[in-house]
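Presented below is the structure to which this report refers.
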Amino acid sequence: MHSFDVVIVGAGAAGLFCAGVAGQLGLKVVVLDHSDKVAEKIRISGGGRCNFTNTGTSPANFLSDNPRFCRSALARYSPRDFVALLQKHRIAFHEKHKGQLFCDRSAQDIIDVLLAECAAGGVTRWQPCSVKTIRFLAATAHGTCASSYEIDSSNGTIHCATVVVATGGLSIPKIGATDWGYRMAKQFDLPVIPPRAALVPLTFDAQAWAPFAQLSGLSLPVEIATGAKKESVAFLEDLLLTHRGISGPGVLQISSYWQPGTPIRLNLAPGTDLQPWLQHAKASSRKRIANELAALVPARLADTWVAQGPQWGHDWARPINEATDKSLVALAERVGRWELTPTGTEGYAKAEVTAGGVDTRALSGQTMESRQPGLYFIGEVVDVTGWLGGYNFQWAWASAFACANALAERLK
Ligand SMILES: Cc1cc2nc3c(=O)[nH]c(=O)nc-3n(C[C@H](O)[C@H](O)[C@H](O)COP(=O)(O)OP(=O)(O)OC[C@H]3O[C@@H](n4cnc5c(N)ncnc54)[C@H](O)[C@@H]3O)c2cc1C
């Protein structure tokens with residue numbers, strides 16, 4: 001029988017960071033993972049350079065059924081704290097775009113830092129190792145917060161005081177994602193907000209998308225929005241056309257907010273007041289409408305776009321000086337507000353994260369402990385989902401840090 005203060009299931013971003021901090025605070029920690037590779041998601045993140053945080057992180061950059069939950073942990077461990085850790089390890093990094101920090105060299109630098117921190121804390125790591133069952137033995141010691149668990153793992157039975165679930169979300173199943181964390185929550189009667197793919201490309205009906213499918217690979221800056229009235233959310237980011245639909249940073253961002261069956265809205269010429277712009281072109285040019293539009297959007301998109309005119313009752317395949325004012329007003333409206341209803345997403349195989357997860361109303365925002373004594377949840381398995389841009393790793397670090405400190409406080 002093995003004995004530890006803390007068993008952490010999942011050697012990813014949150015699990016390794018929590019293990020290192022808890023180990024250095026004097027706890028006897030084992031982190032185990034069913035995969036033989038360590039922190040594979042960090043390795044493939046940020047195009048291999050890991051966008052490890054965002055300097056502008058605030059609770060507003062996260063989705064959750066309980067939006068205030070993430071505040072405390074984010075406040076206690078900031079992007080600056082993680083940057084200081086990287087500086088201590090002499091890791092070179094740079095800012096790419098809107099506060100997004102990336103490694104100069106490779107995402108492996110982040111994994112190496114986490115492993116070095118685990119080594120400094122005397123952490124035991126078992127990989128590959130799977131957990132079969134977890135039994136709660138008792139909350140003992142006269143009503144104090146003491147707890148005791150027995151875990152059957154492929155490395156034998158473990159006795160421990162506390163268990164931390166850091167098994168992440170469902171995205172990219174081929175590198176080890178499982179629903180184990182959600183199942184563990186259910187075993188202990190903790191509610192789970194239904195998981196769904198987020199930061200994911202959107203797809204359309206093949207026939208309806210056919211004219212645009214041939215423009216696959218083309219990208220342009222857009223304003224992209226979804227939701228009505230108070231619920232409306234918009235991003236100003238790039239859009240990428242694909243064979244099956246749309247992708248790119250703007251689409252990934254909006255996908256986290258998109259509800260199936262509802263439309264998304266695209267302004268293909270953000271920052272341009274289209275009606276006066278088209279009227280001016282009409283008064284001063286004899287070019288085809290598509291050629292004029294090509295000053296605002298890529299020429300091939302402009303061509304395909306005006307060819308859609310008849311479906312909306314307009315003939316835009318003509319010189320702009322011959323167009324009626326009415327048809328130019330309609331064109332301005334359509335280009336500024338192209339409504340499309342996706343039929344779905346590319347799913348977990350392509351999603352960067354999973355929205356939903358263990359309901360935060362069953363967790364403490366200060367410690368990440370659940371209503372089940374001694375059972376903690378950190379990282380992506382929790383119903384806290386960041387925007388694209390380094391926020392998801394910042395949540396992994398911050399929730400892990402809160403948890404590690406709470407464990408040390410509990411077990412000292
Ligand atoms: C392609 C891609 C690129 C990304 N790029 C970025 C980025 O640049 N910046 C950013 O902030 N976020 C990025 N993300 C999101 C980010 O990787 C995750 O939000 C983050 O890794 C979550 O950390 P975690 O520790 O909760 O989960 P993970 O890092 O996913 O770790 C979970 C671990 O648990 C293990 N596990 C699962 N089930 C079991 C089980 N049953 N038993 C034992 N072990 C188990 C897994 O093998 C895994 O090692 C990206 C995601 C993807 C897919």
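Numbering starts fresh at 1 for the residues of each chain in the structure tokens, the chains themselves are lettered A, B, ... in the order given, and ligands are numbered from 1 as they appear.
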Worksheet entry | Given 7 Å and only C-alpha atoms and all ligand atoms, residues near ligand 1 as a PyMOL selection string | chain A and resi 9-15+32-35+38-42+44-47+50-53+129-131+166-169+171-172+175-180+351-353+378-381+388-394+396
Fill in: For range 293-304 of chain A: contacts at 10 Å, only C-alpha atoms, fewer than 5 positions along chain excluded, given as a PyMOL selection string
chain A and resi 211-212+214-215+218-222+241+268-270+272+274+277-278+281+287-288+309+316-317+320+335
Mind checking which residues fall within 6 Å of Ala161 in chain A, counting only C-alpha atoms, ignoring those fewer than 4 positions away in the same chain, and posting them as a PDB file with N, CA and C atoms, in the first residue's frame?
```
ATOM      1  N   ASP A   5       0.049  12.342   0.952  1.00  0.00           N
ATOM      2  CA  ASP A   5      -0.894  13.373   1.405  1.00  0.00           C
ATOM      3  C   ASP A   5      -1.900  13.679   0.296  1.00  0.00           C
ATOM      4  N   SER A 147      -9.790  13.979   6.005  1.00  0.00           N
ATOM      5  CA  SER A 147     -10.481  13.060   5.098  1.00  0.00           C
ATOM      6  C   SER A 147      -9.511  11.948   4.752  1.00  0.00           C
ATOM      7  N   SER A 148     -10.050  10.910   4.124  1.00  0.00           N
ATOM      8  CA  SER A 148      -9.205   9.769   3.822  1.00  0.00           C
ATOM      9  C   SER A 148      -9.783   9.004   2.631  1.00  0.00           C
ATOM     10  N   TYR A 149      -8.911   8.703   1.665  1.00  0.00           N
ATOM     11  CA  TYR A 149      -9.350   8.009   0.448  1.00  0.00           C
ATOM     12  C   TYR A 149      -8.467   6.793   0.182  1.00  0.00           C
TER      13      TYR A 149
END
```
Show me, as a PDB file with N, CA and C atoms, in the first residue's frame, the residues that have an atom within 7 Å of range 243-249 of chain A when counting only C-alpha atoms, minus same-chain residues fewer than 6 positions from it.
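Output (out.pdb):
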```pdb
ATOM      1  N   PRO A 201     -13.868  25.454 -34.783  1.00  0.00           N
ATOM      2  CA  PRO A 201     -14.411  25.932 -36.064  1.00  0.00           C
ATOM      3  C   PRO A 201     -15.893  25.584 -36.201  1.00  0.00           C
ATOM      4  N   LEU A 202     -16.621  26.421 -36.947  1.00  0.00           N
ATOM      5  CA  LEU A 202     -18.054  26.215 -37.178  1.00  0.00           C
ATOM      6  C   LEU A 202     -18.274  25.683 -38.589  1.00  0.00           C
ATOM      7  N   THR A 203     -19.312  24.849 -38.749  1.00  0.00           N
ATOM      8  CA  THR A 203     -19.556  24.218 -40.055  1.00  0.00           C
ATOM      9  C   THR A 203     -20.966  24.568 -40.555  1.00  0.00           C
ATOM     10  N   PHE A 204     -21.132  24.411 -41.890  1.00  0.00           N
ATOM     11  CA  PHE A 204     -22.422  24.712 -42.518  1.00  0.00           C
ATOM     12  C   PHE A 204     -22.868  23.551 -43.383  1.00  0.00           C
ATOM     13  N   ALA A 206     -23.422  21.499 -46.454  1.00  0.00           N
ATOM     14  CA  ALA A 206     -22.461  21.441 -47.570  1.00  0.00           C
ATOM     15  C   ALA A 206     -22.987  22.165 -48.809  1.00  0.00           C
ATOM     16  N   TRP A 209     -22.999  25.936 -48.383  1.00  0.00           N
ATOM     17  CA  TRP A 209     -21.654  26.509 -48.247  1.00  0.00           C
ATOM     18  C   TRP A 209     -20.835  26.371 -49.545  1.00  0.00           C
ATOM     19  N   ALA A 213     -16.933  27.344 -50.197  1.00  0.00           N
ATOM     20  CA  ALA A 213     -15.967  26.279 -49.913  1.00  0.00           C
ATOM     21  C   ALA A 213     -14.744  26.412 -50.818  1.00  0.00           C
ATOM     22  N   GLN A 214     -14.966  26.881 -52.040  1.00  0.00           N
ATOM     23  CA  GLN A 214     -13.821  27.006 -52.958  1.00  0.00           C
ATOM     24  C   GLN A 214     -12.877  28.143 -52.561  1.00  0.00           C
ATOM     25  N   SER A 216     -11.645  28.324 -49.609  1.00  0.00           N
ATOM     26  CA  SER A 216     -10.949  27.799 -48.436  1.00  0.00           C
ATOM     27  C   SER A 216      -9.505  28.303 -48.370  1.00  0.00           C
ATOM     28  N   GLU A 237     -11.700  40.251 -35.045  1.00  0.00           N
ATOM     29  CA  GLU A 237     -10.560  39.329 -35.214  1.00  0.00           C
ATOM     30  C   GLU A 237     -10.596  38.781 -36.635  1.00  0.00           C
TER      31      GLU A 237
END
```
Fill in: Close residues, range 60-74 of chain A itself excluded, 8 Å, only C-alpha atoms, min 5 positions apart in chain, as number ranges by chain
A: 193, 355-356, 359-361, 365-366, 383-387, 391, 394-395, 398-399, 401-402
For those residues, write C-alpha atoms to a file as a compact mmCIF listing (two decimals), in the first residue's frame.
```
# COMPACT_ATOMS: atom_id res chain seq x y z
CA ILE A 193 -22.67 21.60 -16.47
CA ALA A 355 -16.85 24.56 -22.08
CA GLY A 356 -18.99 23.38 -19.17
CA ASP A 359 -20.40 23.04 -11.58
CA THR A 360 -18.54 25.70 -9.62
CA ARG A 361 -21.47 26.05 -7.23
CA GLY A 365 -13.51 29.56 -5.21
CA GLN A 366 -10.80 30.02 -2.55
CA ASP A 383 -16.82 24.98 -15.58
CA VAL A 384 -14.48 27.92 -16.26
CA THR A 385 -13.53 28.42 -19.91
CA GLY A 386 -11.16 31.10 -21.15
CA TRP A 387 -11.11 33.01 -24.40
CA TYR A 391 -6.41 32.58 -20.72
CA GLN A 394 -3.72 31.16 -16.80
CA TRP A 395 -6.80 29.49 -15.33
CA ALA A 398 -4.34 30.07 -10.93
CA SER A 399 -6.74 27.28 -9.94
CA PHE A 401 -2.07 27.54 -7.10
CA ALA A 402 -5.21 28.17 -5.02
```
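Distance check against Val31 in chain A using only C-alpha atoms: of A:Cys118, A:Leu363, A:Ala185, A:Leu199, the minimum falls on A:Cys118.
Picture a line from CA of Pro191 in chain A to CA of Leu375 in chain A; it runs 13.8 Å.
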Practice prompt. Please provide as a list in words all residues within 12 Å of Glu231 in chain A, with the sequence filter that same-chain residues fewer than 3 positions apart are discarded (counting only C-alpha atoms).
Written response: Ala225, Thr226, Gly227, Ala228, Ala234, Tyr257, Trp258 and Gln259 of chain A
Practice prompt. Taking the DSSP assignment computed from this structure's backbone, write out as number ranges by chain all residues of range 114-344 of chain A that belong to strand (DSSP E or B).
Written response: A: 124-126, 131-138, 148-153, 156-165, 192-198, 202-203, 219-226, 233-241, 245-247, 264-267, 288, 319, 338-340, 344
Hey, can you spit out that residue selection with C-alpha atoms as a PDB file, in the first residue's frame?
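Full text of result_18.pdb as output:
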```pdb
ATOM      1  CA  THR A 124       6.436  11.393  -7.369  1.00  0.00           C
ATOM      2  CA  ARG A 125       5.122  10.994 -10.937  1.00  0.00           C
ATOM      3  CA  TRP A 126       3.593   7.774 -12.239  1.00  0.00           C
ATOM      4  CA  VAL A 131      -7.098   4.833 -11.674  1.00  0.00           C
ATOM      5  CA  LYS A 132      -9.680   2.111 -11.349  1.00  0.00           C
ATOM      6  CA  THR A 133     -11.726   3.101  -8.310  1.00  0.00           C
ATOM      7  CA  ILE A 134     -11.706   5.739  -5.605  1.00  0.00           C
ATOM      8  CA  ARG A 135     -13.241   5.039  -2.210  1.00  0.00           C
ATOM      9  CA  PHE A 136     -13.961   7.697   0.380  1.00  0.00           C
ATOM     10  CA  LEU A 137     -13.159   6.154   3.729  1.00  0.00           C
ATOM     11  CA  ALA A 138     -14.203   8.830   6.180  1.00  0.00           C
ATOM     12  CA  SER A 148      -9.205   9.769   3.822  1.00  0.00           C
ATOM     13  CA  TYR A 149      -9.350   8.009   0.448  1.00  0.00           C
ATOM     14  CA  GLU A 150      -8.281   4.669  -0.974  1.00  0.00           C
ATOM     15  CA  ILE A 151      -7.471   4.522  -4.665  1.00  0.00           C
ATOM     16  CA  ASP A 152      -6.998   1.383  -6.748  1.00  0.00           C
ATOM     17  CA  SER A 153      -4.535   2.253  -9.501  1.00  0.00           C
ATOM     18  CA  GLY A 156      -1.322  -0.610  -6.706  1.00  0.00           C
ATOM     19  CA  THR A 157      -3.523   0.710  -3.914  1.00  0.00           C
ATOM     20  CA  ILE A 158      -2.860   4.218  -2.617  1.00  0.00           C
ATOM     21  CA  HIS A 159      -3.991   5.654   0.678  1.00  0.00           C
ATOM     22  CA  CYS A 160      -4.222   9.452   0.781  1.00  0.00           C
ATOM     23  CA  ALA A 161      -5.856  12.338   2.618  1.00  0.00           C
ATOM     24  CA  THR A 162      -6.863  14.329  -0.448  1.00  0.00           C
ATOM     25  CA  VAL A 163      -7.515  13.819  -4.166  1.00  0.00           C
ATOM     26  CA  VAL A 164      -7.117  16.484  -6.848  1.00  0.00           C
ATOM     27  CA  VAL A 165      -8.869  15.916 -10.181  1.00  0.00           C
ATOM     28  CA  VAL A 192     -21.727  18.898 -13.941  1.00  0.00           C
ATOM     29  CA  ILE A 193     -22.674  21.595 -16.470  1.00  0.00           C
ATOM     30  CA  PRO A 194     -23.031  19.664 -19.775  1.00  0.00           C
ATOM     31  CA  PRO A 195     -19.686  19.812 -21.593  1.00  0.00           C
ATOM     32  CA  ARG A 196     -19.508  21.171 -25.162  1.00  0.00           C
ATOM     33  CA  ALA A 197     -16.744  21.832 -27.675  1.00  0.00           C
ATOM     34  CA  ALA A 198     -15.505  25.446 -27.521  1.00  0.00           C
ATOM     35  CA  LEU A 202     -18.054  26.215 -37.178  1.00  0.00           C
ATOM     36  CA  THR A 203     -19.556  24.218 -40.055  1.00  0.00           C
ATOM     37  CA  SER A 219      -8.714  35.088 -44.442  1.00  0.00           C
ATOM     38  CA  LEU A 220      -9.822  38.620 -43.587  1.00  0.00           C
ATOM     39  CA  PRO A 221     -10.453  40.785 -40.517  1.00  0.00           C
ATOM     40  CA  VAL A 222     -14.135  40.864 -39.543  1.00  0.00           C
ATOM     41  CA  GLU A 223     -16.424  41.784 -36.727  1.00  0.00           C
ATOM     42  CA  ILE A 224     -18.158  38.598 -35.661  1.00  0.00           C
ATOM     43  CA  ALA A 225     -21.103  38.513 -33.274  1.00  0.00           C
ATOM     44  CA  THR A 226     -23.712  36.181 -31.830  1.00  0.00           C
ATOM     45  CA  VAL A 233     -21.108  39.223 -27.845  1.00  0.00           C
ATOM     46  CA  ALA A 234     -18.759  40.483 -30.576  1.00  0.00           C
ATOM     47  CA  PHE A 235     -15.080  40.114 -31.460  1.00  0.00           C
ATOM     48  CA  LEU A 236     -12.927  42.013 -33.951  1.00  0.00           C
ATOM     49  CA  GLU A 237     -10.560  39.329 -35.214  1.00  0.00           C
ATOM     50  CA  ASP A 238      -9.568  37.399 -38.334  1.00  0.00           C
ATOM     51  CA  LEU A 239     -11.908  34.963 -40.072  1.00  0.00           C
ATOM     52  CA  LEU A 240     -10.632  32.007 -42.096  1.00  0.00           C
ATOM     53  CA  LEU A 241     -12.794  30.304 -44.727  1.00  0.00           C
ATOM     54  CA  GLY A 245     -17.281  26.453 -42.859  1.00  0.00           C
ATOM     55  CA  ILE A 246     -15.361  29.089 -40.952  1.00  0.00           C
ATOM     56  CA  SER A 247     -12.436  29.156 -38.552  1.00  0.00           C
ATOM     57  CA  ILE A 264     -23.832  34.398 -36.183  1.00  0.00           C
ATOM     58  CA  ARG A 265     -23.398  37.856 -37.733  1.00  0.00           C
ATOM     59  CA  LEU A 266     -20.402  38.935 -39.774  1.00  0.00           C
ATOM     60  CA  ASN A 267     -19.421  42.470 -40.712  1.00  0.00           C
ATOM     61  CA  ARG A 288     -18.005  46.428 -61.573  1.00  0.00           C
ATOM     62  CA  PRO A 319     -20.945  48.369 -63.072  1.00  0.00           C
ATOM     63  CA  TRP A 338     -24.060  38.687 -43.087  1.00  0.00           C
ATOM     64  CA  GLU A 339     -26.191  36.311 -41.045  1.00  0.00           C
ATOM     65  CA  LEU A 340     -25.287  32.647 -41.177  1.00  0.00           C
ATOM     66  CA  GLY A 344     -22.592  22.458 -36.091  1.00  0.00           C
TER      67      GLY A 344
END
```
Discussion item. For a test of reading the model, state the distance in Å between CA of Ala404 in chain A and CA of Val6 in chain A, rounded to one decimal.
Written reply: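 Taking CA of Ala404 in chain A as the start and CA of Val6 in chain A as the end point, the length is 9.6 Å.
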Worksheet entry | Picked from range 275-383 of chain A by DSSP as helix (DSSP H, G or I), as a ChimeraX atom specification | /A:275-284,289-293,299-307,309-312,320-322,325-336,360-362,379-381
Suppose we keep C-alpha atoms; can you now write the selection as a PDB file, in the first residue's frame?
```pdb
ATOM      1  CA  GLN A 275     -23.559  53.127 -47.546  1.00  0.00           C
ATOM      2  CA  PRO A 276     -21.754  56.444 -48.138  1.00  0.00           C
ATOM      3  CA  TRP A 277     -18.716  54.498 -49.326  1.00  0.00           C
ATOM      4  CA  LEU A 278     -20.762  52.732 -52.049  1.00  0.00           C
ATOM      5  CA  GLN A 279     -22.583  55.959 -52.985  1.00  0.00           C
ATOM      6  CA  HIS A 280     -19.259  57.702 -53.431  1.00  0.00           C
ATOM      7  CA  ALA A 281     -18.029  54.830 -55.618  1.00  0.00           C
ATOM      8  CA  LYS A 282     -21.233  55.005 -57.674  1.00  0.00           C
ATOM      9  CA  ALA A 283     -20.688  58.714 -58.339  1.00  0.00           C
ATOM     10  CA  SER A 284     -17.041  58.365 -59.278  1.00  0.00           C
ATOM     11  CA  ILE A 289     -19.424  46.315 -58.048  1.00  0.00           C
ATOM     12  CA  ALA A 290     -17.185  43.337 -57.245  1.00  0.00           C
ATOM     13  CA  ASN A 291     -14.091  45.296 -58.283  1.00  0.00           C
ATOM     14  CA  GLU A 292     -15.073  48.168 -56.006  1.00  0.00           C
ATOM     15  CA  LEU A 293     -15.784  45.824 -53.096  1.00  0.00           C
ATOM     16  CA  ALA A 299     -11.173  40.034 -54.537  1.00  0.00           C
ATOM     17  CA  ARG A 300     -12.260  36.379 -54.746  1.00  0.00           C
ATOM     18  CA  LEU A 301     -14.642  36.836 -51.849  1.00  0.00           C
ATOM     19  CA  ALA A 302     -16.015  40.021 -53.444  1.00  0.00           C
ATOM     20  CA  ASP A 303     -16.720  38.072 -56.683  1.00  0.00           C
ATOM     21  CA  THR A 304     -18.432  35.204 -54.857  1.00  0.00           C
ATOM     22  CA  TRP A 305     -20.327  37.614 -52.686  1.00  0.00           C
ATOM     23  CA  VAL A 306     -21.910  39.676 -55.502  1.00  0.00           C
ATOM     24  CA  ALA A 307     -22.791  36.440 -57.326  1.00  0.00           C
ATOM     25  CA  GLY A 309     -27.203  38.828 -55.283  1.00  0.00           C
ATOM     26  CA  PRO A 310     -30.078  36.992 -57.040  1.00  0.00           C
ATOM     27  CA  GLN A 311     -30.859  34.883 -53.962  1.00  0.00           C
ATOM     28  CA  TRP A 312     -31.601  38.147 -52.155  1.00  0.00           C
ATOM     29  CA  ILE A 320     -21.513  50.315 -59.886  1.00  0.00           C
ATOM     30  CA  ASN A 321     -22.683  53.465 -61.671  1.00  0.00           C
ATOM     31  CA  GLU A 322     -25.613  51.442 -63.128  1.00  0.00           C
ATOM     32  CA  ASP A 325     -29.595  53.172 -54.847  1.00  0.00           C
ATOM     33  CA  LYS A 326     -31.908  50.536 -53.360  1.00  0.00           C
ATOM     34  CA  SER A 327     -29.669  47.648 -54.406  1.00  0.00           C
ATOM     35  CA  LEU A 328     -26.576  49.429 -53.029  1.00  0.00           C
ATOM     36  CA  VAL A 329     -28.319  50.022 -49.705  1.00  0.00           C
ATOM     37  CA  ALA A 330     -29.155  46.295 -49.618  1.00  0.00           C
ATOM     38  CA  LEU A 331     -25.543  45.413 -50.480  1.00  0.00           C
ATOM     39  CA  ALA A 332     -24.219  47.639 -47.692  1.00  0.00           C
ATOM     40  CA  GLU A 333     -26.622  46.023 -45.232  1.00  0.00           C
ATOM     41  CA  ARG A 334     -25.716  42.479 -46.289  1.00  0.00           C
ATOM     42  CA  VAL A 335     -21.932  43.019 -46.282  1.00  0.00           C
ATOM     43  CA  GLY A 336     -22.144  44.730 -42.895  1.00  0.00           C
ATOM     44  CA  THR A 360     -18.536  25.704  -9.623  1.00  0.00           C
ATOM     45  CA  ARG A 361     -21.471  26.055  -7.233  1.00  0.00           C
ATOM     46  CA  ALA A 362     -20.265  22.766  -5.744  1.00  0.00           C
ATOM     47  CA  GLY A 379      -8.057  23.409 -14.545  1.00  0.00           C
ATOM     48  CA  GLU A 380     -10.266  22.753 -17.520  1.00  0.00           C
ATOM     49  CA  VAL A 381     -12.403  20.032 -15.876  1.00  0.00           C
TER      50      VAL A 381
END
```
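CA of Gly374 in chain A sits 29.2 Å away from CA of Thr57 in chain A.
Taking only C-alpha atoms into account, Ser255 in chain A lies nearest to A:Thr345 out of the set A:Thr345, A:Gln187, A:Thr324, A:Ser285.
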Worksheet item: Near Gly99 in chain A, within 7 Å and counting only C-alpha atoms, which residues show up once chain neighbours fewer than 4 positions away are dropped, as a list in words?
Response: Asn54, Thr55, Gly56 and Glu95 of chain A
